[in-house]
Amino acid sequence: MRAIFPKRDELIAVAETVEHIYAAAWLPDLLRVLDDEPMLVLHRPTGRAFRVTISGVGDNFQLHTLLAVHLIGAAGLPGDPPSAVEAAAATDGEVQPEEVIRGRFNLVDAFGERVWNEGIPADIPLLDGERVLVLDDPEYSMVWGTGRPFPSMVPTMVVEELLQAEAAVWWGSVAAAKG
(Lines give C-alpha, C1' and ligand atoms only; values in the text may rest on other atoms or scores of the structure.)
Protein backbone atom coordinates (compact mmCIF):
# COMPACT_ATOMS: atom_id res chain seq x y z
CA MET A 1 0.00 0.00 0.00
CA ARG A 2 2.89 2.37 0.82
CA ALA A 3 4.29 1.98 -2.70
CA ILE A 4 1.09 3.14 -4.40
CA PHE A 5 0.45 6.26 -2.30
CA PRO A 6 0.07 9.16 -4.69
CA LYS A 7 2.22 12.21 -3.95
CA ARG A 8 4.34 10.26 -1.47
CA ASP A 9 6.95 13.05 -1.14
CA GLU A 10 4.21 15.55 -0.30
CA LEU A 11 2.76 13.18 2.30
CA ILE A 12 6.19 12.83 3.91
CA ALA A 13 6.58 16.62 4.09
CA VAL A 14 3.16 16.98 5.72
CA ALA A 15 3.84 14.10 8.13
CA GLU A 16 7.12 15.70 9.21
CA THR A 17 5.27 18.86 10.23
CA VAL A 18 3.14 16.89 12.71
CA GLU A 19 6.06 14.87 14.10
CA HIS A 20 5.73 16.66 17.44
CA ILE A 21 2.39 14.91 17.93
CA TYR A 22 3.37 11.69 19.71
CA ALA A 23 0.64 9.61 18.08
CA ALA A 24 1.93 10.50 14.59
CA ALA A 25 5.71 10.44 15.25
CA TRP A 26 6.07 7.12 13.41
CA LEU A 27 4.34 8.34 10.23
CA PRO A 28 7.30 10.03 8.44
CA ASP A 29 9.50 6.94 8.85
CA LEU A 30 6.70 4.65 7.70
CA LEU A 31 6.18 6.75 4.57
CA ARG A 32 9.93 6.66 3.86
CA VAL A 33 10.11 2.85 3.94
CA LEU A 34 11.63 1.63 0.67
CA ASP A 35 9.91 -0.91 -1.53
CA ASP A 36 11.65 -2.94 -4.25
CA GLU A 37 14.75 -0.85 -3.62
CA PRO A 38 18.04 -2.19 -4.98
CA MET A 39 21.15 -1.59 -2.92
CA LEU A 40 24.77 -2.61 -3.38
CA VAL A 41 26.23 -4.29 -0.33
CA LEU A 42 30.00 -4.70 -0.23
CA HIS A 43 31.67 -6.91 2.38
CA ARG A 44 35.11 -5.39 2.92
CA PRO A 45 36.77 -8.34 4.76
CA THR A 46 36.13 -10.74 1.86
CA GLY A 47 35.87 -8.34 -1.08
CA ARG A 48 32.55 -9.87 -2.06
CA ALA A 49 29.67 -7.74 -3.35
CA PHE A 50 25.94 -8.27 -3.56
CA ARG A 51 22.92 -6.59 -5.10
CA VAL A 52 20.27 -6.68 -2.43
CA THR A 53 16.66 -5.67 -3.08
CA ILE A 54 14.67 -4.72 0.00
CA SER A 55 11.04 -4.00 0.74
CA GLY A 56 9.39 -3.17 4.02
CA VAL A 57 12.55 -2.68 6.08
CA GLY A 58 11.70 -0.08 8.75
CA ASP A 59 15.10 0.85 10.17
CA ASN A 60 18.80 0.04 9.96
CA PHE A 61 18.67 -2.23 13.03
CA GLN A 62 16.31 -4.44 11.03
CA LEU A 63 18.41 -4.05 7.86
CA HIS A 64 21.54 -5.02 9.80
CA THR A 65 19.91 -8.20 11.14
CA LEU A 66 18.44 -9.16 7.76
CA LEU A 67 21.82 -8.69 6.06
CA ALA A 68 23.40 -10.99 8.65
CA VAL A 69 20.64 -13.58 8.10
CA HIS A 70 21.01 -13.56 4.32
CA LEU A 71 24.74 -12.99 3.92
CA ILE A 72 26.31 -14.89 6.82
CA GLY A 73 23.69 -17.60 6.70
CA ALA A 74 22.67 -18.20 3.11
CA ALA A 75 25.53 -16.53 1.16
CA GLY A 76 28.28 -17.96 3.33
CA LEU A 77 30.06 -14.86 4.62
CA PRO A 78 32.21 -15.63 7.64
CA GLY A 79 30.74 -15.08 11.06
CA ASP A 80 28.16 -16.31 13.49
CA PRO A 81 24.74 -16.21 11.79
CA PRO A 82 21.78 -14.80 13.70
CA SER A 83 19.75 -17.25 15.72
CA ALA A 84 16.27 -18.26 14.61
CA VAL A 85 14.89 -15.92 17.30
CA GLU A 86 16.92 -12.95 16.01
CA ALA A 87 15.86 -13.66 12.43
CA ALA A 88 12.22 -13.98 13.43
CA ALA A 89 12.32 -10.69 15.36
CA ALA A 90 13.40 -8.92 12.16
CA THR A 91 10.74 -10.60 10.02
CA ASP A 92 7.49 -11.96 11.43
CA GLY A 93 8.20 -13.27 14.93
CA GLU A 94 8.27 -11.82 18.42
CA VAL A 95 9.31 -8.18 17.95
CA GLN A 96 11.08 -7.94 21.32
CA PRO A 97 12.51 -11.38 22.02
CA GLU A 98 13.90 -12.34 25.42
CA GLU A 99 17.39 -12.66 23.96
CA VAL A 100 19.17 -9.61 22.59
CA ILE A 101 19.86 -9.16 18.90
CA ARG A 102 23.56 -8.90 18.16
CA GLY A 103 25.24 -6.79 15.52
CA ARG A 104 27.63 -8.53 13.13
CA PHE A 105 28.97 -5.58 11.10
CA ASN A 106 29.88 -1.93 11.12
CA LEU A 107 27.71 -0.33 8.46
CA VAL A 108 29.51 2.29 6.35
CA ASP A 109 28.36 4.24 3.30
CA ALA A 110 30.28 4.56 0.02
CA PHE A 111 31.91 7.76 1.29
CA GLY A 112 33.37 6.12 4.39
CA GLU A 113 30.83 7.55 6.86
CA ARG A 114 29.18 5.40 9.52
CA VAL A 115 25.61 4.33 8.79
CA TRP A 116 23.97 4.25 12.19
CA ASN A 117 21.51 1.51 13.08
CA GLU A 118 19.21 4.22 14.45
CA GLY A 119 18.70 5.54 10.91
CA ILE A 120 16.60 4.20 8.06
CA PRO A 121 17.59 2.64 4.73
CA ALA A 122 16.24 5.65 2.78
CA ASP A 123 19.02 7.75 4.36
CA ILE A 124 21.84 5.63 2.93
CA PRO A 125 23.41 7.95 0.35
CA LEU A 126 23.57 7.24 -3.36
CA LEU A 127 26.76 6.75 -5.36
CA ASP A 128 26.23 6.88 -9.11
CA GLY A 129 22.49 6.47 -8.57
CA GLU A 130 22.80 3.42 -6.29
CA ARG A 131 22.55 3.07 -2.53
CA VAL A 132 25.85 1.54 -1.43
CA LEU A 133 26.43 -0.04 1.96
CA VAL A 134 29.83 -1.39 3.02
CA LEU A 135 30.01 -4.02 5.73
CA ASP A 136 33.11 -3.91 7.92
CA ASP A 137 34.00 -6.08 10.88
CA PRO A 138 32.42 -4.67 14.06
CA GLU A 139 34.64 -2.43 16.18
CA TYR A 140 32.77 -3.30 19.37
CA SER A 141 29.94 -5.49 20.61
CA MET A 142 26.50 -4.18 19.61
CA VAL A 143 23.16 -5.42 20.91
CA TRP A 144 19.59 -4.22 20.65
CA GLY A 145 16.24 -5.44 21.87
CA THR A 146 13.75 -4.77 19.09
CA GLY A 147 13.71 -6.62 15.79
CA ARG A 148 11.61 -4.22 13.74
CA PRO A 149 9.88 -0.87 14.25
CA PHE A 150 6.62 -1.75 12.50
CA PRO A 151 5.38 -5.10 13.88
CA SER A 152 2.81 -5.74 11.13
CA MET A 153 5.20 -4.99 8.25
CA VAL A 154 6.94 -8.14 7.03
CA PRO A 155 10.10 -7.32 5.05
CA THR A 156 11.56 -9.01 2.02
CA MET A 157 15.17 -9.20 0.95
CA VAL A 158 16.46 -10.73 -2.28
CA VAL A 159 20.21 -11.24 -2.61
CA GLU A 160 22.26 -11.76 -5.76
CA GLU A 161 26.06 -11.96 -5.64
CA LEU A 162 27.91 -9.82 -8.17
CA LEU A 163 30.57 -11.26 -10.43
CA GLN A 164 34.13 -10.41 -9.40
CA ALA A 165 34.63 -7.99 -12.31
CA GLU A 166 31.53 -5.95 -11.43
CA ALA A 167 32.41 -6.05 -7.73
CA ALA A 168 35.91 -4.74 -8.52
CA VAL A 169 34.43 -1.68 -10.25
CA TRP A 170 32.37 -0.83 -7.16
CA TRP A 171 35.29 -1.48 -4.81
CA GLY A 172 37.26 1.06 -6.83
CA SER A 173 34.56 3.66 -6.13
CA VAL A 174 34.13 3.39 -2.36
CA ALA A 175 36.14 5.17 0.32
CA ALA A 176 37.84 3.59 3.28
CA ALA A 177 35.92 3.82 6.52
CA LYS A 178 36.58 7.05 8.39
CA GLY A 179 37.79 6.72 11.99
# chains A, B, ... in the order shown; residues from 1 in each chain; ligands from 1
>>> select_by_dssp(residues="chain A", states="strand (DSSP E or B)", output="MDAnalysis selection string")
chainID A and resid 37:43 48:55 101:102 106:109 114 126:127 130:136 143:144 156:161
>>> write_last_selection(atoms="N, CA and C atoms", output="mmCIF file, in the first residue's frame")
data_model
loop_
_atom_site.group_PDB
_atom_site.id
_atom_site.type_symbol
_atom_site.label_atom_id
_atom_site.label_comp_id
_atom_site.auth_asym_id
_atom_site.auth_seq_id
_atom_site.Cartn_x
_atom_site.Cartn_y
_atom_site.Cartn_z
ATOM 1 N N GLU A 37 13.603 -1.744 -3.516
ATOM 2 C CA GLU A 37 14.754 -0.846 -3.618
ATOM 3 C C GLU A 37 16.050 -1.646 -3.736
ATOM 4 N N PRO A 38 16.746 -1.514 -4.865
ATOM 5 C CA PRO A 38 18.039 -2.187 -4.979
ATOM 6 C C PRO A 38 19.110 -1.425 -4.218
ATOM 7 N N MET A 39 20.056 -2.160 -3.699
ATOM 8 C CA MET A 39 21.147 -1.587 -2.921
ATOM 9 C C MET A 39 22.378 -2.461 -3.157
ATOM 10 N N LEU A 40 23.528 -1.838 -3.289
ATOM 11 C CA LEU A 40 24.765 -2.609 -3.379
ATOM 12 C C LEU A 40 25.317 -2.773 -1.977
ATOM 13 N N VAL A 41 25.667 -3.995 -1.642
ATOM 14 C CA VAL A 41 26.230 -4.295 -0.330
ATOM 15 C C VAL A 41 27.590 -4.927 -0.569
ATOM 16 N N LEU A 42 28.623 -4.257 -0.058
ATOM 17 C CA LEU A 42 30.000 -4.704 -0.231
ATOM 18 C C LEU A 42 30.545 -5.169 1.112
ATOM 19 N N HIS A 43 31.108 -6.372 1.140
ATOM 20 C CA HIS A 43 31.674 -6.911 2.383
ATOM 21 C C HIS A 43 33.189 -6.758 2.315
ATOM 22 N N ARG A 48 33.741 -9.450 -1.324
ATOM 23 C CA ARG A 48 32.545 -9.874 -2.062
ATOM 24 C C ARG A 48 31.536 -8.734 -2.126
ATOM 25 N N ALA A 49 30.678 -8.792 -3.148
ATOM 26 C CA ALA A 49 29.674 -7.743 -3.349
ATOM 27 C C ALA A 49 28.357 -8.383 -3.749
ATOM 28 N N PHE A 50 27.277 -7.734 -3.334
ATOM 29 C CA PHE A 50 25.939 -8.273 -3.557
ATOM 30 C C PHE A 50 25.001 -7.152 -3.982
ATOM 31 N N ARG A 51 24.050 -7.479 -4.831
ATOM 32 C CA ARG A 51 22.925 -6.588 -5.103
ATOM 33 C C ARG A 51 21.785 -7.135 -4.255
ATOM 34 N N VAL A 52 21.310 -6.289 -3.377
ATOM 35 C CA VAL A 52 20.266 -6.676 -2.433
ATOM 36 C C VAL A 52 19.052 -5.806 -2.718
ATOM 37 N N THR A 53 17.902 -6.420 -2.874
ATOM 38 C CA THR A 53 16.663 -5.673 -3.083
ATOM 39 C C THR A 53 15.807 -5.839 -1.835
ATOM 40 N N ILE A 54 15.436 -4.687 -1.246
ATOM 41 C CA ILE A 54 14.669 -4.722 -0.001
ATOM 42 C C ILE A 54 13.290 -4.105 -0.186
ATOM 43 N N SER A 55 12.383 -4.580 0.603
ATOM 44 C CA SER A 55 11.039 -4.000 0.738
ATOM 45 C C SER A 55 10.622 -4.136 2.183
ATOM 46 N N ILE A 101 19.445 -9.000 20.291
ATOM 47 C CA ILE A 101 19.857 -9.160 18.897
ATOM 48 C C ILE A 101 21.257 -8.570 18.800
ATOM 49 N N ARG A 102 22.166 -9.321 18.205
ATOM 50 C CA ARG A 102 23.565 -8.902 18.158
ATOM 51 C C ARG A 102 23.945 -8.398 16.774
ATOM 52 N N ASN A 106 29.958 -3.388 11.107
ATOM 53 C CA ASN A 106 29.876 -1.934 11.116
ATOM 54 C C ASN A 106 29.331 -1.568 9.756
ATOM 55 N N LEU A 107 28.308 -0.770 9.717
ATOM 56 C CA LEU A 107 27.711 -0.326 8.464
ATOM 57 C C LEU A 107 28.343 1.006 8.078
ATOM 58 N N VAL A 108 28.830 1.096 6.844
ATOM 59 C CA VAL A 108 29.510 2.287 6.351
ATOM 60 C C VAL A 108 28.952 2.601 4.973
ATOM 61 N N ASP A 109 28.830 3.899 4.639
ATOM 62 C CA ASP A 109 28.356 4.242 3.296
ATOM 63 C C ASP A 109 29.535 4.287 2.312
ATOM 64 N N ARG A 114 29.959 6.405 8.807
ATOM 65 C CA ARG A 114 29.183 5.398 9.521
ATOM 66 C C ARG A 114 27.713 5.517 9.155
ATOM 67 N N LEU A 126 23.378 7.823 -2.032
ATOM 68 C CA LEU A 126 23.570 7.238 -3.358
ATOM 69 C C LEU A 126 24.981 7.520 -3.863
ATOM 70 N N LEU A 127 25.520 6.588 -4.610
ATOM 71 C CA LEU A 127 26.756 6.749 -5.364
ATOM 72 C C LEU A 127 26.444 6.295 -6.776
ATOM 73 N N GLU A 130 23.051 4.660 -7.031
ATOM 74 C CA GLU A 130 22.803 3.421 -6.285
ATOM 75 C C GLU A 130 23.068 3.655 -4.800
ATOM 76 N N ARG A 131 22.241 3.088 -3.955
ATOM 77 C CA ARG A 131 22.554 3.071 -2.531
ATOM 78 C C ARG A 131 23.666 2.040 -2.347
ATOM 79 N N VAL A 132 24.714 2.437 -1.647
ATOM 80 C CA VAL A 132 25.846 1.540 -1.429
ATOM 81 C C VAL A 132 26.102 1.448 0.068
ATOM 82 N N LEU A 133 26.176 0.217 0.551
ATOM 83 C CA LEU A 133 26.427 -0.044 1.957
ATOM 84 C C LEU A 133 27.636 -0.972 2.045
ATOM 85 N N VAL A 134 28.625 -0.576 2.823
ATOM 86 C CA VAL A 134 29.826 -1.388 3.020
ATOM 87 C C VAL A 134 29.747 -2.014 4.406
ATOM 88 N N LEU A 135 30.012 -3.298 4.462
ATOM 89 C CA LEU A 135 30.009 -4.024 5.729
ATOM 90 C C LEU A 135 31.447 -4.257 6.167
ATOM 91 N N ASP A 136 31.797 -3.700 7.314
ATOM 92 C CA ASP A 136 33.105 -3.912 7.916
ATOM 93 C C ASP A 136 32.936 -4.798 9.139
ATOM 94 N N VAL A 143 24.378 -4.648 20.669
ATOM 95 C CA VAL A 143 23.160 -5.418 20.907
ATOM 96 C C VAL A 143 21.973 -4.464 20.918
ATOM 97 N N TRP A 144 20.826 -4.994 20.566
ATOM 98 C CA TRP A 144 19.589 -4.225 20.647
ATOM 99 C C TRP A 144 18.446 -5.177 20.952
ATOM 100 N N THR A 156 10.974 -8.043 2.937
ATOM 101 C CA THR A 156 11.564 -9.011 2.017
ATOM 102 C C THR A 156 12.968 -8.540 1.671
ATOM 103 N N MET A 157 13.815 -9.498 1.377
ATOM 104 C CA MET A 157 15.174 -9.205 0.950
ATOM 105 C C MET A 157 15.579 -10.276 -0.061
ATOM 106 N N VAL A 158 15.978 -9.826 -1.237
ATOM 107 C CA VAL A 158 16.458 -10.731 -2.280
ATOM 108 C C VAL A 158 17.925 -10.403 -2.507
ATOM 109 N N VAL A 159 18.773 -11.424 -2.521
ATOM 110 C CA VAL A 159 20.213 -11.237 -2.610
ATOM 111 C C VAL A 159 20.751 -11.933 -3.853
ATOM 112 N N GLU A 160 21.590 -11.200 -4.592
ATOM 113 C CA GLU A 160 22.265 -11.759 -5.759
ATOM 114 C C GLU A 160 23.734 -11.345 -5.680
ATOM 115 N N GLU A 161 24.637 -12.305 -5.709
ATOM 116 C CA GLU A 161 26.058 -11.963 -5.640
ATOM 117 C C GLU A 161 26.526 -11.435 -6.993
#
>>> residues_around(residues="A:Glu118", least_positions_apart="3", cutoff="9 Å", atoms="only C-alpha atoms", output="list in words")
Asp59, Asn60, Phe61 and Val115 of chain A
>>> atom_distance(atom1="atom CA of A:Ala84", atom2="atom CA of A:Val154")
15.7 Å
>>> closest_residue(among="A:Tyr140, A:Trp116, A:Phe150, A:Phe111", to="A:Ala175", atoms="only C-alpha atoms")
A:Phe111
>>> closest_residue(among="A:Leu34, A:Pro155, A:Ala165, A:Ile120", to="A:Leu66", atoms="only C-alpha atoms")
A:Pro155
>>> closest_residue(among="A:Ala176, A:Val57, A:Leu163, A:Leu67", to="A:Asp35", atoms="only C-alpha atoms")
A:Val57
>>> closest_residue(among="A:Ser83, A:Thr146, A:Leu162, A:Gln62", to="A:Gln96", atoms="only C-alpha atoms")
A:Thr146
>>> atom_distance(atom1="atom CA of A:Ala177", atom2="atom CA of A:Ala110")
8.6 Å
